[in-house]
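Printed here is structure_29.cif (mmCIF, C-alpha atoms and all ligand atoms):
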```
data_final
loop_
_atom_site.label_atom_id
_atom_site.label_comp_id
_atom_site.auth_asym_id
_atom_site.auth_seq_id
_atom_site.Cartn_x
_atom_site.Cartn_y
_atom_site.Cartn_z
CA MET V 47 105.96 62.61 121.57
CA SER V 48 105.19 62.70 117.84
CA ARG V 49 104.03 65.73 115.94
CA LYS V 50 101.72 65.70 112.93
CA THR V 51 103.00 67.88 110.11
CA SER V 52 100.63 66.92 107.28
CA GLU V 53 97.85 69.38 108.23
CA PRO V 54 98.54 73.10 107.67
CA LYS V 55 98.66 74.98 110.95
CA GLU V 56 95.76 77.38 111.53
CA THR V 57 97.30 80.85 111.45
CA ARG V 58 94.20 83.02 111.66
CA ILE V 59 93.73 85.12 114.78
CA THR V 60 90.50 83.97 116.39
CA ASN V 61 90.56 85.80 119.74
CA HIS V 62 91.53 89.43 120.21
CA PRO V 63 90.94 91.76 123.18
CA ILE V 64 89.52 94.59 121.01
CA LEU V 65 88.61 93.24 117.57
CA THR V 66 85.88 90.77 116.64
CA PHE V 67 86.04 88.52 113.60
CA ASN V 68 82.86 87.62 111.75
CA ARG V 69 83.80 84.60 109.71
CA GLY V 70 81.52 83.84 106.78
CA LYS V 71 81.00 80.71 104.75
CA LYS V 72 84.04 78.56 103.92
CA VAL V 73 84.97 78.92 100.24
CA THR V 74 87.53 77.49 97.85
CA PHE V 75 89.83 79.73 95.83
CA TYR V 76 92.91 78.97 93.74
CA PHE V 77 96.46 80.20 94.24
CA GLU V 78 98.58 79.49 91.17
CA GLY V 79 96.20 76.67 90.33
CA LYS V 80 96.27 75.07 93.78
CA PRO V 81 92.93 74.93 95.64
CA MET V 82 92.89 76.62 99.04
CA GLN V 83 90.25 77.36 101.67
CA GLY V 84 89.24 80.72 103.06
CA TYR V 85 86.21 82.47 104.51
CA LEU V 86 83.86 85.07 103.12
CA GLY V 87 84.39 88.28 105.03
CA GLU V 88 88.18 88.10 105.00
CA THR V 89 90.54 89.62 102.44
CA ILE V 90 92.42 87.64 99.81
CA ALA V 91 95.66 88.55 101.62
CA ALA V 92 94.38 87.19 104.94
CA ALA V 93 93.33 83.93 103.29
CA LEU V 94 96.71 83.57 101.58
CA VAL V 95 98.68 84.16 104.78
CA ALA V 96 96.42 81.69 106.62
CA ASN V 97 97.36 79.15 103.95
CA GLY V 98 101.08 79.79 104.43
CA ILE V 99 101.62 82.04 101.38
CA LYS V 100 103.86 84.98 102.25
CA VAL V 101 105.28 86.09 98.88
CA PHE V 102 102.67 87.95 96.83
CA ARG V 103 104.78 89.50 94.09
CA TYR V 104 108.31 90.15 92.79
CA THR V 105 109.61 93.61 91.96
CA GLU V 106 110.36 94.39 88.33
CA LYS V 107 114.00 95.49 88.45
CA HIS V 108 115.60 93.41 91.22
CA LYS V 109 113.04 90.57 91.45
CA ARG V 110 112.70 91.13 95.18
CA ALA V 111 109.91 89.32 97.01
CA ARG V 112 107.09 91.41 98.49
CA GLY V 113 104.20 90.36 100.68
CA PHE V 114 101.72 91.54 103.29
CA PHE V 115 103.03 94.81 104.79
CA CYS V 116 100.70 97.68 105.73
CA ALA V 117 97.43 95.72 105.33
CA VAL V 118 95.46 98.95 104.85
CA GLY V 119 95.93 99.75 101.15
CA LYS V 120 98.75 102.28 101.47
CA CYS V 121 102.01 100.58 100.39
CA SER V 122 101.31 98.55 97.19
CA SER V 123 103.35 95.66 98.55
CA CYS V 124 100.48 93.21 97.99
CA LEU V 125 99.72 93.70 94.28
CA MET V 126 98.71 90.41 92.65
CA VAL V 127 96.90 89.12 89.59
CA VAL V 128 93.29 88.24 90.50
CA ASP V 129 91.10 86.59 87.87
CA GLY V 130 93.54 87.88 85.24
CA VAL V 131 93.55 91.48 86.50
CA PRO V 132 97.04 92.69 87.53
CA ASN V 133 97.78 95.24 90.26
CA THR V 134 94.94 94.06 92.48
CA MET V 135 95.58 95.18 96.05
CA VAL V 136 94.75 91.93 97.83
CA CYS V 137 94.89 93.41 101.34
CA MET V 138 91.74 95.37 100.43
CA GLU V 139 90.03 92.89 98.10
CA PRO V 140 87.43 90.56 99.63
CA LEU V 141 87.80 86.83 99.09
CA ARG V 142 85.22 85.27 96.77
CA GLU V 143 84.33 81.71 95.85
CA GLY V 144 86.41 80.32 92.98
CA ILE V 145 88.70 83.31 92.34
CA ARG V 146 92.10 82.64 90.77
CA VAL V 147 95.05 84.41 92.37
CA GLU V 148 98.57 84.53 90.88
CA ARG V 149 101.82 86.08 92.00
CA GLN V 150 102.66 89.20 90.05
CA HIS V 151 106.05 89.57 88.40
CA GLY V 152 107.02 93.16 87.76
CA ARG V 153 104.34 95.66 86.80
CA GLY V 154 101.82 93.13 85.58
CA LYS V 155 100.42 92.91 82.08
CA LEU V 156 96.86 93.28 80.83
S1 LIG L 201 99.83 95.40 102.14
FE1 LIG L 201 100.12 97.53 101.81
S2 LIG L 201 98.72 98.00 100.21
FE2 LIG L 201 98.34 95.93 100.66
#
```
Written as structure tokens, that's how I'd like the structure from this file.
Amino acid sequence: MSRKTSEPKETRITNHPILTFNRGKKVTFYFEGKPMQGYLGETIAAALVANGIKVFRYTEKHKRARGFFCAVGKCSSCLMVVDGVPNTMVCMEPLREGIRVERQHGRGKL
């Protein structure tokens, strides 16, 4: 049995016993210059994780990797640079067509 590995595996939850997911139009956004696909109605964080991106930023002092943690805007683990704006909480920020998302290093600079 052979296994295809060229296509990214779909990691979005599509069926849930309690929650419903209303997926909008498919859009393209850019992560560190690389085009990726996501859906209107989901957060930037959800689209990144669905595309296999788990590291969102690095801490200032120890350069430790941080990613999706609380997913409800309480921990600041997911701060990224979105369209040039640092400290954007991507677990709360809706995905939009054509946005540019970058990993944040340290506190972020304006
Ligand atoms: S993951 Fe905790 S604030 Fe975004």
Would you list the residues that come within 12 Å of ligand LIG 201 (chain L)? Count all atoms listed in the file and give the answer as an MDAnalysis selection string. chainID V and resid 89:92 95 100:103 112:126 133:139
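Take CA of Leu141 in chain V and CA of Thr74 in chain V: the distance between them is 9.4 Å.
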Give me, as a count of residues only, all polymer residues having an atom no more than 8 Å from Gly130 in chain V, counting all atoms listed in the file and skipping those fewer than 2 positions away in the same chain. 5
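Nearest to Leu86 in chain V of all the residues V:Gly98, V:Gly154, V:Gly144, V:Gly70 is V:Gly70, counting all atoms listed in the file.
Restricting the calculation to all atoms listed in the file, the smallest distance between His108 in chain V and any of V:Val73, V:His151, V:Thr57, V:His62 is found for V:His151.
Closest approach to Gly87 in chain V from the set V:Lys72, V:Pro140, V:Lys107, V:Pro63 is made by V:Pro140, with distances taken over only C-alpha atoms.
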So which one's closest to Leu94 in chain V, V:Leu65, V:Gln150, V:Phe77, V:Lys109? Using all atoms listed in the file, please. V:Phe77
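With all atoms listed in the file as the atoms that count, the minimum distance from Ala111 in chain V to the choices V:Lys155, V:Arg58, V:Arg149, V:Arg69 is reached by V:Arg149.
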When you draw a straight line from CA of Val147 in chain V to CA of Gly79 in chain V, how long is it in Å? 8.1 Å
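Residue nearest Tyr85 in chain V within the list V:Asn61, V:Arg153, V:Thr105, V:Arg142: V:Arg142 [criterion: smallest interatomic distance, all atoms listed in the file].
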To test the calculation: enclose all listed atoms of range 68-84 of chain V in a box whose edges run along x, y and z, add 3 Å on each side, then state centre and edge lengths in Å to one decimal, as AutoDock Vina command-line options.
```
--center_x 89.8 --center_y 81.3 --center_z 101.0 --size_x 23.6 --size_y 18.7 --size_z 27.4
```
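CA of Tyr104 in chain V to CA of Glu143 in chain V spans 25.6 Å [interatomic distance, one decimal].
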Start from the incomplete input, build N, CA, C and O atoms for range 73-85 of chain V, and deliver everything as a PDB file, in the coordinates of the input.
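The result, stored in result05.pdb:
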```pdb
ATOM      1  N   VAL V  73      84.961  78.958 101.697  1.00  0.00           N
ATOM      2  CA  VAL V  73      84.970  78.920 100.240  1.00  0.00           C
ATOM      3  C   VAL V  73      86.315  78.393  99.743  1.00  0.00           C
ATOM      4  O   VAL V  73      87.314  78.412 100.458  1.00  0.00           O
ATOM      5  N   THR V  74      86.298  77.936  98.500  1.00  0.00           N
ATOM      6  CA  THR V  74      87.530  77.490  97.850  1.00  0.00           C
ATOM      7  C   THR V  74      87.955  78.548  96.846  1.00  0.00           C
ATOM      8  O   THR V  74      87.136  79.093  96.117  1.00  0.00           O
ATOM      9  N   PHE V  75      89.255  78.855  96.845  1.00  0.00           N
ATOM     10  CA  PHE V  75      89.830  79.730  95.830  1.00  0.00           C
ATOM     11  C   PHE V  75      91.111  79.054  95.349  1.00  0.00           C
ATOM     12  O   PHE V  75      91.505  78.011  95.874  1.00  0.00           O
ATOM     13  N   TYR V  76      91.742  79.622  94.332  1.00  0.00           N
ATOM     14  CA  TYR V  76      92.910  78.970  93.740  1.00  0.00           C
ATOM     15  C   TYR V  76      94.103  79.904  93.731  1.00  0.00           C
ATOM     16  O   TYR V  76      93.996  81.040  93.252  1.00  0.00           O
ATOM     17  N   PHE V  77      95.213  79.441  94.282  1.00  0.00           N
ATOM     18  CA  PHE V  77      96.460  80.200  94.240  1.00  0.00           C
ATOM     19  C   PHE V  77      97.413  79.457  93.315  1.00  0.00           C
ATOM     20  O   PHE V  77      97.801  78.331  93.609  1.00  0.00           O
ATOM     21  N   GLU V  78      97.723  80.084  92.190  1.00  0.00           N
ATOM     22  CA  GLU V  78      98.580  79.490  91.170  1.00  0.00           C
ATOM     23  C   GLU V  78      98.122  78.070  90.829  1.00  0.00           C
ATOM     24  O   GLU V  78      98.925  77.149  90.719  1.00  0.00           O
ATOM     25  N   GLY V  79      96.815  77.925  90.721  1.00  0.00           N
ATOM     26  CA  GLY V  79      96.200  76.670  90.330  1.00  0.00           C
ATOM     27  C   GLY V  79      95.926  75.697  91.462  1.00  0.00           C
ATOM     28  O   GLY V  79      95.223  74.703  91.275  1.00  0.00           O
ATOM     29  N   LYS V  80      96.444  75.981  92.649  1.00  0.00           N
ATOM     30  CA  LYS V  80      96.270  75.070  93.780  1.00  0.00           C
ATOM     31  C   LYS V  80      95.041  75.488  94.601  1.00  0.00           C
ATOM     32  O   LYS V  80      94.934  76.641  95.026  1.00  0.00           O
ATOM     33  N   PRO V  81      94.106  74.566  94.847  1.00  0.00           N
ATOM     34  CA  PRO V  81      92.930  74.930  95.640  1.00  0.00           C
ATOM     35  C   PRO V  81      93.289  75.199  97.103  1.00  0.00           C
ATOM     36  O   PRO V  81      94.109  74.489  97.686  1.00  0.00           O
ATOM     37  N   MET V  82      92.677  76.252  97.641  1.00  0.00           N
ATOM     38  CA  MET V  82      92.890  76.620  99.040  1.00  0.00           C
ATOM     39  C   MET V  82      91.549  77.007  99.645  1.00  0.00           C
ATOM     40  O   MET V  82      90.616  77.334  98.923  1.00  0.00           O
ATOM     41  N   GLN V  83      91.485  77.019 100.954  1.00  0.00           N
ATOM     42  CA  GLN V  83      90.250  77.360 101.670  1.00  0.00           C
ATOM     43  C   GLN V  83      90.393  78.720 102.343  1.00  0.00           C
ATOM     44  O   GLN V  83      91.466  79.077 102.819  1.00  0.00           O
ATOM     45  N   GLY V  84      89.297  79.448 102.353  1.00  0.00           N
ATOM     46  CA  GLY V  84      89.240  80.720 103.060  1.00  0.00           C
ATOM     47  C   GLY V  84      87.807  80.972 103.483  1.00  0.00           C
ATOM     48  O   GLY V  84      86.950  80.095 103.323  1.00  0.00           O
ATOM     49  N   TYR V  85      87.551  82.152 104.016  1.00  0.00           N
ATOM     50  CA  TYR V  85      86.210  82.470 104.510  1.00  0.00           C
ATOM     51  C   TYR V  85      85.712  83.781 103.921  1.00  0.00           C
ATOM     52  O   TYR V  85      86.478  84.747 103.815  1.00  0.00           O
TER      53      TYR V  85
END
```
